[in-house]
Amino acid sequence: MIRRQTSAFTSFSLSFLFLLVSLSLLHFKPSLLPSQPLTLSPSQPNSTLPQTPPPRNNYIVRFLQYKPAEEHRDYLESSVRSDGWEWIDRKNPSSKYPTDFGLVSIQEIARERVIGEIRKLGLVKDVNMDLTYRRGLLEQKRKGKAGAGGRDRVGAFVDGKKRPGKIFTAMSFSEGDGEGEYYSAISNSSIRWGRHFLMQKSQVTSLFGAEVLWSKGYTGAKVKMAIFDTGIRANHPHFRNIKERTNWTNEDTLNDNLGHGTFVAGVIAGGDAECLGFAPDTEIYAFRVFTDAQVSYTSWFLDAFNYAMATNMDVLNLSIGGPDYLDLPFVEKVWEITANNIIMVSAIGNDGPLYGTLNNPADQSDVIGVGGIDYNDHIASFSSRGMSTWEIPHGYGRVKPDVVAYGREIMGSKISTGCKSLSGTSVASPVVAGVVCLLVSVIPESRQKDILNPASMKQALVEGAAKLSGPNMYEQGAGRVDLLESFEILKNYQPRASIFPGVLDYTDCPYSWPFCRQPLYAGAMPVIFNATILNGMGVIGYVESPPTWHPSNEEGNLLSIHFTYSEVIWPWTGYLALHMQIKEEGSQFSGEIEGNVTLQVYSPPARGENRPRISTCVLHLKLKVVPTPARSKRVLWDQFHSIKYPPGYIPRDSLDVRNDILDWHGDHLHTNFHIMFNMLRDAGYFVETLGSPLTCFDARQYGTLLLVDLEDEYFEEEIEKLRDDVISTGLGLAVFAEWYNVETMVKMRFFDDNTRSWWTPVTGGANIPALNDLLAPFGIAFGDKILNGDFSIDGEQSRYASGTDIVRFPAGGFVHSFPFLDSSESGATQNVLLTSGMTKTLPFLVF
């Protein structure tokens with residue numbers, strides 16, 4: 001920490017700062033052990049050794065049009081002159097329908113040439129690798145404990161670029177008190193994750209009052225439910241209406257040999273008295289997209305999605321997910337699914353209690369994302385938290401999950417017969433999917449396609465949900481699903497647009513965290529709130545004119561709001577971001593401001609109509625305002641230099657965590673640094689977020705600039721300005737540097753058999769060389785040691801995890817030092833660095 005005596009941290013607790021150093025993000029380690037690439041054929045022409053065929057990989061070629069696969073094949077074969085590739089025929093149920101992609105096998109030595117030639121073709125959209133991936137399912141119990149976090153992941157990046165393929169993370173899907181084994185996304189390595197669930201097994205349908213709708217004759221009849229999972233066995237005694245089973249894998253079976261798909265189907269539509277489903281008459285369409293070894297391919301999902309659209313599914317459940325929202329083939333196909341009026345329900349993920357851990361596709365605004373709670377209406381520890389990270393660092397995330405449902409100790413069907421109890425958001429998702437099927441059957445079949453769509457169903461769920469008293473909006477979304485309230489909404493539903501959430505109340509704590517924790521004041525950086533527009537009027541809509549702010553009293557004119565929003569709303573949803581500031585004339589105002597933001601949306605006429613559909617959306621605001629705080633109390637957090645969802649392999653921050661590899665969060669004060677935000681507020685500081693370069697803020701307004709876990713580099717103009725800000729204006733500078741060691745980074749590289757490429761970290765836990773450039777004018781530099789250990793300040797024990805050391809500091813400064821272990825790869829052993837009178841120091845500086 002660089003600090004002048006005029007900084008905001010004059011009275012800041014040292015124990016607090018050191019505690020912040022030890023905060024863990026979400027940590028990752030390579031779950032793929034380095035392996036050697038395939039050996040090519042010997043170069044000697046007369047060698048008698050067996051000839052190894054050149055390595056090949058499969059690639060997805062996406063086209064701009066749907067055509068029979070044979071036409072796409074003929075087009076490529078007549079247009080691509082290079083050799084070293086061949087078309088792969090896909091034998092699955094979708095082959096009788098037109099398709100928008102083809103699968104080709106390309107020799108690695110011809111990869112760049114062939115892909116370059118294909119990409120230039122006029123009818124080709126793009127080319128992506130057909131990556132294999134694994135996801136965690138319930139497995140037999142084994143001895144042992146998982147490492148911290150209990151999950152394995154691998155990255156989705158190579159050579160600094162996003163590689164195709166979906167990352168699916170291990171799900172919290174385990175038996176009541178058992179210890180299940182899970183498999184990582186792509187690797188063959190296994191982990192074990194055990195929890196003890198003490199709640200009594202309950203009939204979840206009764207908790208939502210499903211019997212009320214059953215008594216009215218609503219049982220999910222004629223609703224086509226697509227379950228993307230591990231399949232289901234024929235003639236299972238729990239199910240009345242298994243319409244179709246399809247296999248999209250390379251295994252010759254339609255059966256579920258793992259139990260995951262059967263359990264999900266049972267929660268939705270089971271008929272056994274011990275484990276009733278919500279909609280027992282729902283038509284089940286079981287899509288087997290995972291093998292018995294829990295393996296799938298991107299192309300399998302794309303074909304299955306296309307088939308779901310071609311066969312007019314109504315609802316689709318995905319009890320799967322991963323952090324990879326930049327996987328465009330998958331994400332765009334989900335958009336296409338919902339655009340075709342299929343209501344998709346998906347688990348929000350099991351990466352809780354960490355924030356910013358939403359899984360895709362549940363983090364998409366067109367998908368109903370479901371979190372998990374226990375029977376005491378507490379957020380389940382495994383349930384992922386928001387906000388969405390697509391928008392970070394140059395914007396602000398959306399509220400997710402959409403709703404929560406019971407996800408602990410839920411009863412469902414076993415593979416052949418009988419019931420069992422499981423837990424996880426992969427359980428909560430079919431709970432909501434079953435509710436959705438039941439609600440769909442409430443609407444007469446002749447009107448379902450006119451009224452029901454992904455937006456109208458989400459409106460019914462979020463508006464009918466019961467808000468829980470303890471959790472905040474990024475933990476519970478709109479709250480616990482309320483089947484009967486949503487039923488009342490849908491009974492009289494007329495197509496309309498709305499904003500979710502419809503209320504932002506700064507006085508409503510803890511639900512409106514983080515906004516309720518810090519009031520607005522004049523001169524601050526804009527406070528951003530990102531709401532979702534739900535357009536139940538049509539798959540496409542338009543914002544007719546800019547949103548407007550309507551204050552309810554004269555003081556409301558002190559609030560200035562700049563709006564950014566989706567001018568085109570597709571599919572079914574868009575965003576509305578409010579950038580809020582208090583005008584300078586309100587610098588001494590103390591009180592509340594209240595009013596409404598209105599937005600008008602219109603959609604083209606529906607079938608049989610001749611006028612556009614128009615709807616006015618309302619977002620109610622209630623804000624707390626205080627006089628502008630003193631400079632010494634204002635802290636500026638640098639968000640701009642935190643890299644967006646990693647464009648390369650960025651490793652974990654703490655090397656103490658041995659079971660994780662990839663730092664996939666969008667770092668933010670309101671996600672993985674939310675504890676830091678709360679502690680700063682508790683200490684009386686006001687924290688603002690800088691979303692622009694260091695040249696774009698007035699240092700005279702702030703006591704301290706906070707630089708934490710930054711990966712980006714700095715322009716020369718930024719370096720010069722910061723030097724002047726510190727020396728001339730008295731700006732305090734707090735820097736948390738983490739680690740950067742080349743030898744360690746090299747040893748963290750591994751060979752990926754899918755891409756046949758070596759993955760090497762693009763930086764360490766933080767970009768120490770860039771930070772050293774920034775701090776060079778002050779005569780300060782961090783080293784390449786990786787230190788860790790426990791220390792105590794004022795009697796409070798803290799942990800220093802994988803931080804760097806200080807190798808240069810100006811004379812006359814004060815350096816706090818502690819004895820730590822050196823765990824950097826350059827050290828021969830982990831030694832206590834307190835020999836020869838030398839003490840290694842934290843990257844915490846005072847001058």
# chains A, B, ... in the order shown; residues from 1 in each chain; ligands from 1
call {"tool": "residues_around", "arguments": {"residues": "A:Leu438", "least_positions_apart": "6", "cutoff": "8 Å", "atoms": "only C-alpha atoms", "output": "list of chain:residue names"}}
result
A:Leu213, A:Tyr218, A:Thr219, A:Gly220, A:Phe278, A:Ala279
call {"tool": "write_last_selection", "arguments": {"atoms": "all heavy atoms", "output": "CSV table (one decimal), in the first residue's frame"}}
result
chain,number,residue,atom,x,y,z
A,213,LEU,N,-53.9,-27.2,-8.1
A,213,LEU,CA,-54.1,-27.2,-9.6
A,213,LEU,C,-54.5,-28.6,-10.1
A,213,LEU,O,-55.3,-28.7,-11.0
A,213,LEU,CB,-52.8,-26.8,-10.2
A,213,LEU,CG,-52.4,-25.3,-10.0
A,213,LEU,CD1,-51.3,-24.9,-10.9
A,213,LEU,CD2,-53.6,-24.4,-10.1
A,218,TYR,N,-55.6,-29.6,-13.9
A,218,TYR,CA,-54.4,-29.2,-14.5
A,218,TYR,C,-53.2,-30.1,-14.1
A,218,TYR,O,-52.8,-30.1,-12.9
A,218,TYR,CB,-54.0,-27.8,-14.2
A,218,TYR,CG,-55.1,-26.8,-14.5
A,218,TYR,CD1,-55.6,-25.9,-13.5
A,218,TYR,CD2,-55.6,-26.7,-15.8
A,218,TYR,CE1,-56.6,-25.0,-13.8
A,218,TYR,CE2,-56.6,-25.8,-16.1
A,218,TYR,CZ,-57.1,-24.9,-15.1
A,218,TYR,OH,-58.1,-24.0,-15.4
A,219,THR,N,-52.8,-30.9,-15.0
A,219,THR,CA,-51.7,-31.9,-14.7
A,219,THR,C,-50.6,-32.0,-15.7
A,219,THR,O,-49.8,-32.9,-15.7
A,219,THR,CB,-52.4,-33.3,-14.6
A,219,THR,OG1,-53.0,-33.6,-15.9
A,219,THR,CG2,-53.4,-33.4,-13.5
A,220,GLY,N,-50.5,-30.9,-16.5
A,220,GLY,CA,-49.4,-30.9,-17.5
A,220,GLY,C,-49.8,-31.6,-18.8
A,220,GLY,O,-48.9,-31.8,-19.6
A,278,PHE,N,-44.4,-32.7,-10.5
A,278,PHE,CA,-45.4,-31.6,-10.5
A,278,PHE,C,-46.5,-31.8,-11.6
A,278,PHE,O,-47.6,-31.4,-11.4
A,278,PHE,CB,-44.7,-30.3,-10.8
A,278,PHE,CG,-44.0,-29.7,-9.6
A,278,PHE,CD1,-42.7,-30.1,-9.2
A,278,PHE,CD2,-44.7,-28.9,-8.7
A,278,PHE,CE1,-42.1,-29.7,-8.1
A,278,PHE,CE2,-44.1,-28.4,-7.6
A,278,PHE,CZ,-42.8,-28.8,-7.2
A,279,ALA,N,-46.0,-32.4,-12.7
A,279,ALA,CA,-47.0,-32.4,-13.9
A,279,ALA,C,-47.0,-33.9,-14.4
A,279,ALA,O,-46.3,-34.1,-15.5
A,279,ALA,CB,-46.5,-31.4,-15.0
call {"tool": "closest_atom_pairs", "arguments": {"of": "stretch 425-505 of chain A", "to": "stretch 316-332 of chain A", "cutoff": "7 Å", "atoms": "only C-alpha atoms", "output": "Markdown table"}}
result
| residue | atom | partner | partner_atom | distance |
| --- | --- | --- | --- | --- |
| A:Ser426 | CA | A:Ser319 | CA | 4.5 |
| A:Ser429 | CA | A:Ser319 | CA | 6.2 |
| A:Pro430 | CA | A:Asn317 | CA | 6.6 |
| A:Ala433 | CA | A:Asn317 | CA | 6.3 |
call {"tool": "residues_around", "arguments": {"residues": "stretch 599-610 of chain A", "least_positions_apart": "5", "cutoff": "9 Å", "atoms": "only C-alpha atoms", "output": "ChimeraX atom specification"}}
result
/A:450,496-499,535,537-548,569,615-619
call {"tool": "residues_around", "arguments": {"residues": "A:Tyr355", "least_positions_apart": "3", "cutoff": "9 Å", "atoms": "only C-alpha atoms", "output": "list in words"}}
result
Leu26, Asp351, Gly352, Leu358, Ser384, Arg385, Gly386, Met387, Tyr474, Glu475, His665, His670, Thr671, Asn672, Phe673 and His674 of chain A
call {"tool": "residues_around", "arguments": {"residues": "stretch 303-307 of chain A", "least_positions_apart": "4", "cutoff": "10 Å", "atoms": "only C-alpha atoms", "output": "MDAnalysis selection string"}}
result
chainID A and resid 90 92:102 226 228 246:248 287:289 298:299 311:313 316 330 333:334 336:337
call {"tool": "write_last_selection", "arguments": {"atoms": "N, CA and C atoms", "output": "CSV table (one decimal), in the first residue's frame"}}
result
chain,number,residue,atom,x,y,z
A,90,ARG,N,-23.4,-37.3,-39.7
A,90,ARG,CA,-24.0,-37.4,-38.3
A,90,ARG,C,-25.2,-38.2,-38.4
A,92,ASN,N,-28.2,-39.2,-36.5
A,92,ASN,CA,-29.0,-39.0,-35.3
A,92,ASN,C,-30.4,-38.5,-35.8
A,93,PRO,N,-31.3,-38.4,-34.9
A,93,PRO,CA,-32.7,-38.1,-35.4
A,93,PRO,C,-32.9,-36.8,-36.1
A,94,SER,N,-31.9,-35.9,-36.0
A,94,SER,CA,-32.1,-34.6,-36.6
A,94,SER,C,-31.7,-34.6,-38.1
A,95,SER,N,-31.1,-35.7,-38.5
A,95,SER,CA,-30.6,-35.8,-39.9
A,95,SER,C,-31.6,-35.7,-41.0
A,96,LYS,N,-32.9,-35.9,-40.6
A,96,LYS,CA,-34.0,-35.8,-41.6
A,96,LYS,C,-34.5,-34.4,-41.7
A,97,TYR,N,-33.9,-33.5,-40.9
A,97,TYR,CA,-34.3,-32.0,-41.0
A,97,TYR,C,-33.2,-31.2,-41.5
A,98,PRO,N,-33.4,-30.1,-42.1
A,98,PRO,CA,-32.4,-29.1,-42.5
A,98,PRO,C,-31.5,-28.7,-41.3
A,99,THR,N,-30.3,-28.4,-41.5
A,99,THR,CA,-29.4,-28.0,-40.4
A,99,THR,C,-28.6,-26.8,-40.8
A,100,ASP,N,-28.1,-26.1,-39.8
A,100,ASP,CA,-27.3,-24.9,-40.0
A,100,ASP,C,-25.8,-25.1,-39.7
A,101,PHE,N,-25.4,-26.3,-39.6
A,101,PHE,CA,-23.9,-26.6,-39.4
A,101,PHE,C,-23.5,-27.9,-39.9
A,102,GLY,N,-22.2,-28.0,-40.1
A,102,GLY,CA,-21.6,-29.3,-40.5
A,102,GLY,C,-20.5,-29.6,-39.6
A,226,ALA,N,-39.0,-31.3,-23.0
A,226,ALA,CA,-37.7,-31.8,-23.4
A,226,ALA,C,-36.7,-31.8,-22.3
A,228,PHE,N,-32.9,-32.5,-21.4
A,228,PHE,CA,-31.6,-32.7,-22.0
A,228,PHE,C,-30.7,-33.3,-20.8
A,246,THR,N,-34.5,-40.1,-27.5
A,246,THR,CA,-33.6,-39.9,-28.5
A,246,THR,C,-32.2,-39.9,-28.0
A,247,ASN,N,-31.3,-40.5,-28.8
A,247,ASN,CA,-29.9,-40.6,-28.4
A,247,ASN,C,-29.0,-39.8,-29.3
A,248,TRP,N,-28.2,-38.9,-28.7
A,248,TRP,CA,-27.4,-38.0,-29.5
A,248,TRP,C,-25.9,-38.3,-29.2
A,287,PHE,N,-33.9,-36.5,-24.2
A,287,PHE,CA,-32.7,-36.2,-25.1
A,287,PHE,C,-31.5,-36.7,-24.3
A,288,ARG,N,-30.9,-37.8,-24.8
A,288,ARG,CA,-29.7,-38.4,-24.1
A,288,ARG,C,-28.5,-37.7,-24.8
A,289,VAL,N,-28.0,-36.7,-24.1
A,289,VAL,CA,-26.9,-35.9,-24.7
A,289,VAL,C,-25.6,-36.2,-24.0
A,298,THR,N,-20.0,-30.5,-28.3
A,298,THR,CA,-20.8,-29.3,-28.7
A,298,THR,C,-21.8,-29.7,-29.9
A,299,SER,N,-21.3,-30.5,-30.8
A,299,SER,CA,-22.2,-30.8,-32.0
A,299,SER,C,-23.4,-31.7,-31.6
A,311,THR,N,-39.3,-30.2,-33.7
A,311,THR,CA,-40.4,-31.0,-33.2
A,311,THR,C,-41.3,-30.3,-32.2
A,312,ASN,N,-41.1,-28.9,-32.1
A,312,ASN,CA,-42.0,-28.0,-31.4
A,312,ASN,C,-42.1,-28.4,-29.9
A,313,MET,N,-41.0,-28.5,-29.3
A,313,MET,CA,-41.1,-28.6,-27.8
A,313,MET,C,-41.6,-27.4,-27.2
A,316,LEU,N,-38.0,-26.8,-22.0
A,316,LEU,CA,-36.8,-27.5,-22.1
A,316,LEU,C,-36.0,-27.3,-20.8
A,330,PHE,N,-22.9,-22.3,-28.7
A,330,PHE,CA,-23.9,-22.7,-27.7
A,330,PHE,C,-24.9,-21.6,-27.3
A,333,LYS,N,-27.3,-20.6,-30.1
A,333,LYS,CA,-28.3,-21.6,-30.3
A,333,LYS,C,-29.4,-21.6,-29.2
A,334,VAL,N,-29.0,-21.2,-28.0
A,334,VAL,CA,-30.0,-21.1,-26.9
A,334,VAL,C,-30.9,-19.9,-27.3
A,336,GLU,N,-31.7,-19.0,-30.2
A,336,GLU,CA,-32.6,-19.5,-31.2
A,336,GLU,C,-33.7,-20.4,-30.7
A,337,ILE,N,-33.3,-21.2,-29.7
A,337,ILE,CA,-34.3,-22.0,-29.0
A,337,ILE,C,-35.4,-21.2,-28.4
call {"tool": "atom_distance", "arguments": {"atom1": "atom CA of A:Leu452", "atom2": "atom CA of A:Ser566"}}
result
22.4 Å
call {"tool": "residues_around", "arguments": {"residues": "A:Arg447", "least_positions_apart": "6", "cutoff": "12 Å", "atoms": "only C-alpha atoms", "output": "list in words"}}
result
Val440, Ser441, Asn453, Leu490, Lys491, Tyr493, Gln494, Pro495 and Arg607 of chain A
call {"tool": "write_last_selection", "arguments": {"atoms": "N, CA and C atoms", "output": "mmCIF file, in the first residue's frame"}}
result
data_model
loop_
_atom_site.group_PDB
_atom_site.id
_atom_site.type_symbol
_atom_site.label_atom_id
_atom_site.label_comp_id
_atom_site.auth_asym_id
_atom_site.auth_seq_id
_atom_site.Cartn_x
_atom_site.Cartn_y
_atom_site.Cartn_z
ATOM 1 N N VAL A 440 -48.209 -24.117 -17.898
ATOM 2 C CA VAL A 440 -48.531 -24.126 -19.331
ATOM 3 C C VAL A 440 -49.881 -24.793 -19.565
ATOM 4 N N SER A 441 -50.138 -25.866 -18.831
ATOM 5 C CA SER A 441 -51.393 -26.595 -19.049
ATOM 6 C C SER A 441 -52.608 -25.825 -18.559
ATOM 7 N N ASN A 453 -44.832 -17.644 -23.671
ATOM 8 C CA ASN A 453 -43.509 -17.532 -24.280
ATOM 9 C C ASN A 453 -42.487 -17.385 -23.160
ATOM 10 N N LEU A 490 -51.197 -15.817 -14.584
ATOM 11 C CA LEU A 490 -51.358 -16.349 -15.942
ATOM 12 C C LEU A 490 -52.821 -16.489 -16.350
ATOM 13 N N LYS A 491 -53.695 -16.715 -15.385
ATOM 14 C CA LYS A 491 -55.110 -16.906 -15.714
ATOM 15 C C LYS A 491 -55.668 -15.733 -16.511
ATOM 16 N N TYR A 493 -53.687 -13.270 -17.944
ATOM 17 C CA TYR A 493 -52.542 -12.586 -18.564
ATOM 18 C C TYR A 493 -52.896 -12.000 -19.924
ATOM 19 N N GLN A 494 -52.484 -10.762 -20.106
ATOM 20 C CA GLN A 494 -52.539 -10.116 -21.414
ATOM 21 C C GLN A 494 -51.113 -9.731 -21.798
ATOM 22 N N PRO A 495 -50.710 -9.993 -23.040
ATOM 23 C CA PRO A 495 -49.321 -9.716 -23.439
ATOM 24 C C PRO A 495 -48.904 -8.289 -23.116
ATOM 25 N N ARG A 607 -50.423 -12.480 -34.836
ATOM 26 C CA ARG A 607 -51.273 -13.112 -35.838
ATOM 27 C C ARG A 607 -52.720 -12.668 -35.661
#
call {"tool": "residues_around", "arguments": {"residues": "A:Ser469", "least_positions_apart": "5", "cutoff": "10 Å", "atoms": "only C-alpha atoms", "output": "compact mmCIF listing (two decimals) with C-alpha atoms, in the first residue's frame"}}
result
# COMPACT_ATOMS: atom_id res chain seq x y z
CA ASP A 377 -35.94 -20.72 3.02
CA HIS A 378 -32.20 -20.16 3.38
CA GLY A 479 -37.59 -14.94 -4.50
CA CYS A 509 -31.86 -3.91 3.20
CA PRO A 510 -30.58 -6.54 2.84
CA TYR A 511 -32.56 -7.33 -0.34
call {"tool": "select_by_dssp", "arguments": {"residues": "stretch 208-392 of chain A", "states": "alpha helix (DSSP H)", "output": "count of residues only"}}
result
41
call {"tool": "closest_residue", "arguments": {"among": "A:Ala811, A:Val267, A:Ser823, A:Pro612", "to": "A:Leu422", "atoms": "only C-alpha atoms"}}
result
A:Val267
call {"tool": "select_by_dssp", "arguments": {"residues": "stretch 759-803 of chain A", "states": "strand (DSSP E)", "output": "number ranges by chain"}}
result
A: 759, 781-782, 787-793, 796-803
call {"tool": "write_last_selection", "arguments": {"atoms": "all heavy atoms", "output": "compact mmCIF listing (two decimals), in the first residue's frame"}}
result
# COMPACT_ATOMS: atom_id res chain seq x y z
N TRP A 759 -1.29 -25.05 -23.12
CA TRP A 759 -1.89 -23.88 -22.46
C TRP A 759 -0.86 -23.31 -21.49
O TRP A 759 -0.38 -24.01 -20.61
CB TRP A 759 -3.13 -24.28 -21.70
CG TRP A 759 -4.29 -24.71 -22.53
CD1 TRP A 759 -4.30 -24.97 -23.86
CD2 TRP A 759 -5.61 -24.95 -22.06
NE1 TRP A 759 -5.55 -25.36 -24.27
CE2 TRP A 759 -6.37 -25.36 -23.18
CE3 TRP A 759 -6.22 -24.88 -20.83
CZ2 TRP A 759 -7.72 -25.68 -23.09
CZ3 TRP A 759 -7.57 -25.20 -20.73
CH2 TRP A 759 -8.30 -25.58 -21.86
N ALA A 781 9.09 -1.51 -6.30
CA ALA A 781 8.95 -2.65 -7.20
C ALA A 781 8.64 -3.90 -6.39
O ALA A 781 9.17 -4.09 -5.28
CB ALA A 781 10.21 -2.85 -8.03
N PHE A 782 7.80 -4.75 -6.94
CA PHE A 782 7.52 -6.06 -6.37
C PHE A 782 8.43 -7.08 -7.03
O PHE A 782 8.88 -6.92 -8.17
CB PHE A 782 6.06 -6.45 -6.60
CG PHE A 782 5.08 -5.53 -5.93
CD1 PHE A 782 4.15 -4.82 -6.68
CD2 PHE A 782 5.07 -5.39 -4.56
CE1 PHE A 782 3.24 -3.99 -6.08
CE2 PHE A 782 4.16 -4.55 -3.94
CZ PHE A 782 3.24 -3.84 -4.70
N LEU A 787 4.91 -15.80 -1.64
CA LEU A 787 4.97 -15.96 -0.19
C LEU A 787 3.60 -16.34 0.35
O LEU A 787 2.58 -15.93 -0.18
CB LEU A 787 5.45 -14.67 0.46
CG LEU A 787 6.76 -14.08 -0.08
CD1 LEU A 787 7.09 -12.79 0.64
CD2 LEU A 787 7.89 -15.08 0.05
N ASN A 788 3.61 -17.09 1.42
CA ASN A 788 2.36 -17.41 2.10
C ASN A 788 2.64 -17.73 3.55
O ASN A 788 3.74 -18.12 3.92
CB ASN A 788 1.64 -18.58 1.41
CG ASN A 788 2.41 -19.88 1.55
OD1 ASN A 788 2.27 -20.59 2.54
ND2 ASN A 788 3.23 -20.21 0.55
N GLY A 789 1.61 -17.55 4.37
CA GLY A 789 1.75 -17.85 5.78
C GLY A 789 0.73 -17.10 6.61
O GLY A 789 -0.05 -16.30 6.09
N ASP A 790 0.74 -17.39 7.89
CA ASP A 790 -0.17 -16.74 8.83
C ASP A 790 0.55 -15.61 9.55
O ASP A 790 1.77 -15.66 9.76
CB ASP A 790 -0.70 -17.75 9.85
CG ASP A 790 -1.49 -18.87 9.20
OD1 ASP A 790 -2.27 -18.56 8.27
OD2 ASP A 790 -1.33 -20.03 9.61
N PHE A 791 -0.19 -14.59 9.93
CA PHE A 791 0.38 -13.48 10.67
C PHE A 791 -0.69 -12.89 11.57
O PHE A 791 -1.88 -13.18 11.42
CB PHE A 791 0.95 -12.41 9.73
CG PHE A 791 -0.08 -11.75 8.86
CD1 PHE A 791 -0.68 -10.57 9.24
CD2 PHE A 791 -0.45 -12.33 7.64
CE1 PHE A 791 -1.64 -9.97 8.43
CE2 PHE A 791 -1.40 -11.74 6.84
CZ PHE A 791 -2.00 -10.55 7.23
N SER A 792 -0.27 -12.05 12.49
CA SER A 792 -1.19 -11.48 13.46
C SER A 792 -0.95 -9.99 13.59
O SER A 792 0.21 -9.55 13.67
CB SER A 792 -1.02 -12.16 14.82
OG SER A 792 -1.86 -11.55 15.79
N ILE A 793 -2.03 -9.21 13.58
CA ILE A 793 -1.97 -7.78 13.83
C ILE A 793 -3.02 -7.44 14.87
O ILE A 793 -4.19 -7.79 14.71
CB ILE A 793 -2.22 -6.96 12.54
CG1 ILE A 793 -1.16 -7.26 11.50
CG2 ILE A 793 -2.24 -5.47 12.85
CD1 ILE A 793 -1.34 -6.49 10.22
N GLU A 796 -5.27 -10.20 15.93
CA GLU A 796 -6.17 -10.83 14.96
C GLU A 796 -5.36 -11.63 13.95
O GLU A 796 -4.50 -11.09 13.26
CB GLU A 796 -7.00 -9.77 14.25
CG GLU A 796 -8.02 -10.37 13.29
CD GLU A 796 -8.96 -9.32 12.71
OE1 GLU A 796 -9.11 -8.25 13.33
OE2 GLU A 796 -9.54 -9.59 11.65
N GLN A 797 -5.65 -12.92 13.88
CA GLN A 797 -4.94 -13.80 12.96
C GLN A 797 -5.47 -13.65 11.54
O GLN A 797 -6.68 -13.57 11.33
CB GLN A 797 -5.09 -15.26 13.41
CG GLN A 797 -4.20 -15.66 14.56
CD GLN A 797 -2.74 -15.69 14.17
OE1 GLN A 797 -1.91 -15.04 14.79
NE2 GLN A 797 -2.41 -16.44 13.14
N SER A 798 -4.56 -13.62 10.57
CA SER A 798 -4.95 -13.54 9.17
C SER A 798 -4.04 -14.46 8.36
O SER A 798 -2.98 -14.90 8.83
CB SER A 798 -4.85 -12.11 8.64
OG SER A 798 -5.76 -11.26 9.30
N ARG A 799 -4.45 -14.68 7.13
CA ARG A 799 -3.70 -15.56 6.23
C ARG A 799 -3.20 -14.76 5.04
O ARG A 799 -3.98 -14.02 4.42
CB ARG A 799 -4.60 -16.69 5.74
CG ARG A 799 -3.99 -17.60 4.68
CD ARG A 799 -2.95 -18.51 5.26
NE ARG A 799 -2.37 -19.39 4.25
CZ ARG A 799 -1.29 -20.14 4.47
NH1 ARG A 799 -0.70 -20.11 5.64
NH2 ARG A 799 -0.81 -20.92 3.51
N TYR A 800 -1.90 -14.86 4.76
CA TYR A 800 -1.34 -14.25 3.56
C TYR A 800 -1.15 -15.35 2.54
O TYR A 800 -0.33 -16.25 2.70
CB TYR A 800 -0.01 -13.58 3.89
CG TYR A 800 0.58 -12.79 2.74
CD1 TYR A 800 -0.05 -11.65 2.27
CD2 TYR A 800 1.77 -13.19 2.14
CE1 TYR A 800 0.49 -10.93 1.23
CE2 TYR A 800 2.31 -12.47 1.09
CZ TYR A 800 1.68 -11.34 0.64
OH TYR A 800 2.21 -10.61 -0.40
N ALA A 801 -1.95 -15.34 1.47
CA ALA A 801 -1.99 -16.46 0.53
C ALA A 801 -1.45 -16.04 -0.82
O ALA A 801 -2.04 -15.21 -1.50
CB ALA A 801 -3.42 -16.99 0.38
N SER A 802 -0.32 -16.61 -1.21
CA SER A 802 0.24 -16.44 -2.56
C SER A 802 0.37 -14.97 -2.95
O SER A 802 -0.18 -14.53 -3.96
CB SER A 802 -0.63 -17.18 -3.58
OG SER A 802 -0.72 -18.54 -3.25
N GLY A 803 1.10 -14.22 -2.15
CA GLY A 803 1.39 -12.83 -2.47
C GLY A 803 2.85 -12.65 -2.80
O GLY A 803 3.70 -13.48 -2.47
call {"tool": "atom_distance", "arguments": {"atom1": "atom CA of A:Gly356", "atom2": "atom CA of A:Gly666"}}
result
7.1 Å
call {"tool": "atom_distance", "arguments": {"atom1": "atom CA of A:Lys400", "atom2": "atom CA of A:Ala478"}}
result
8.7 Å
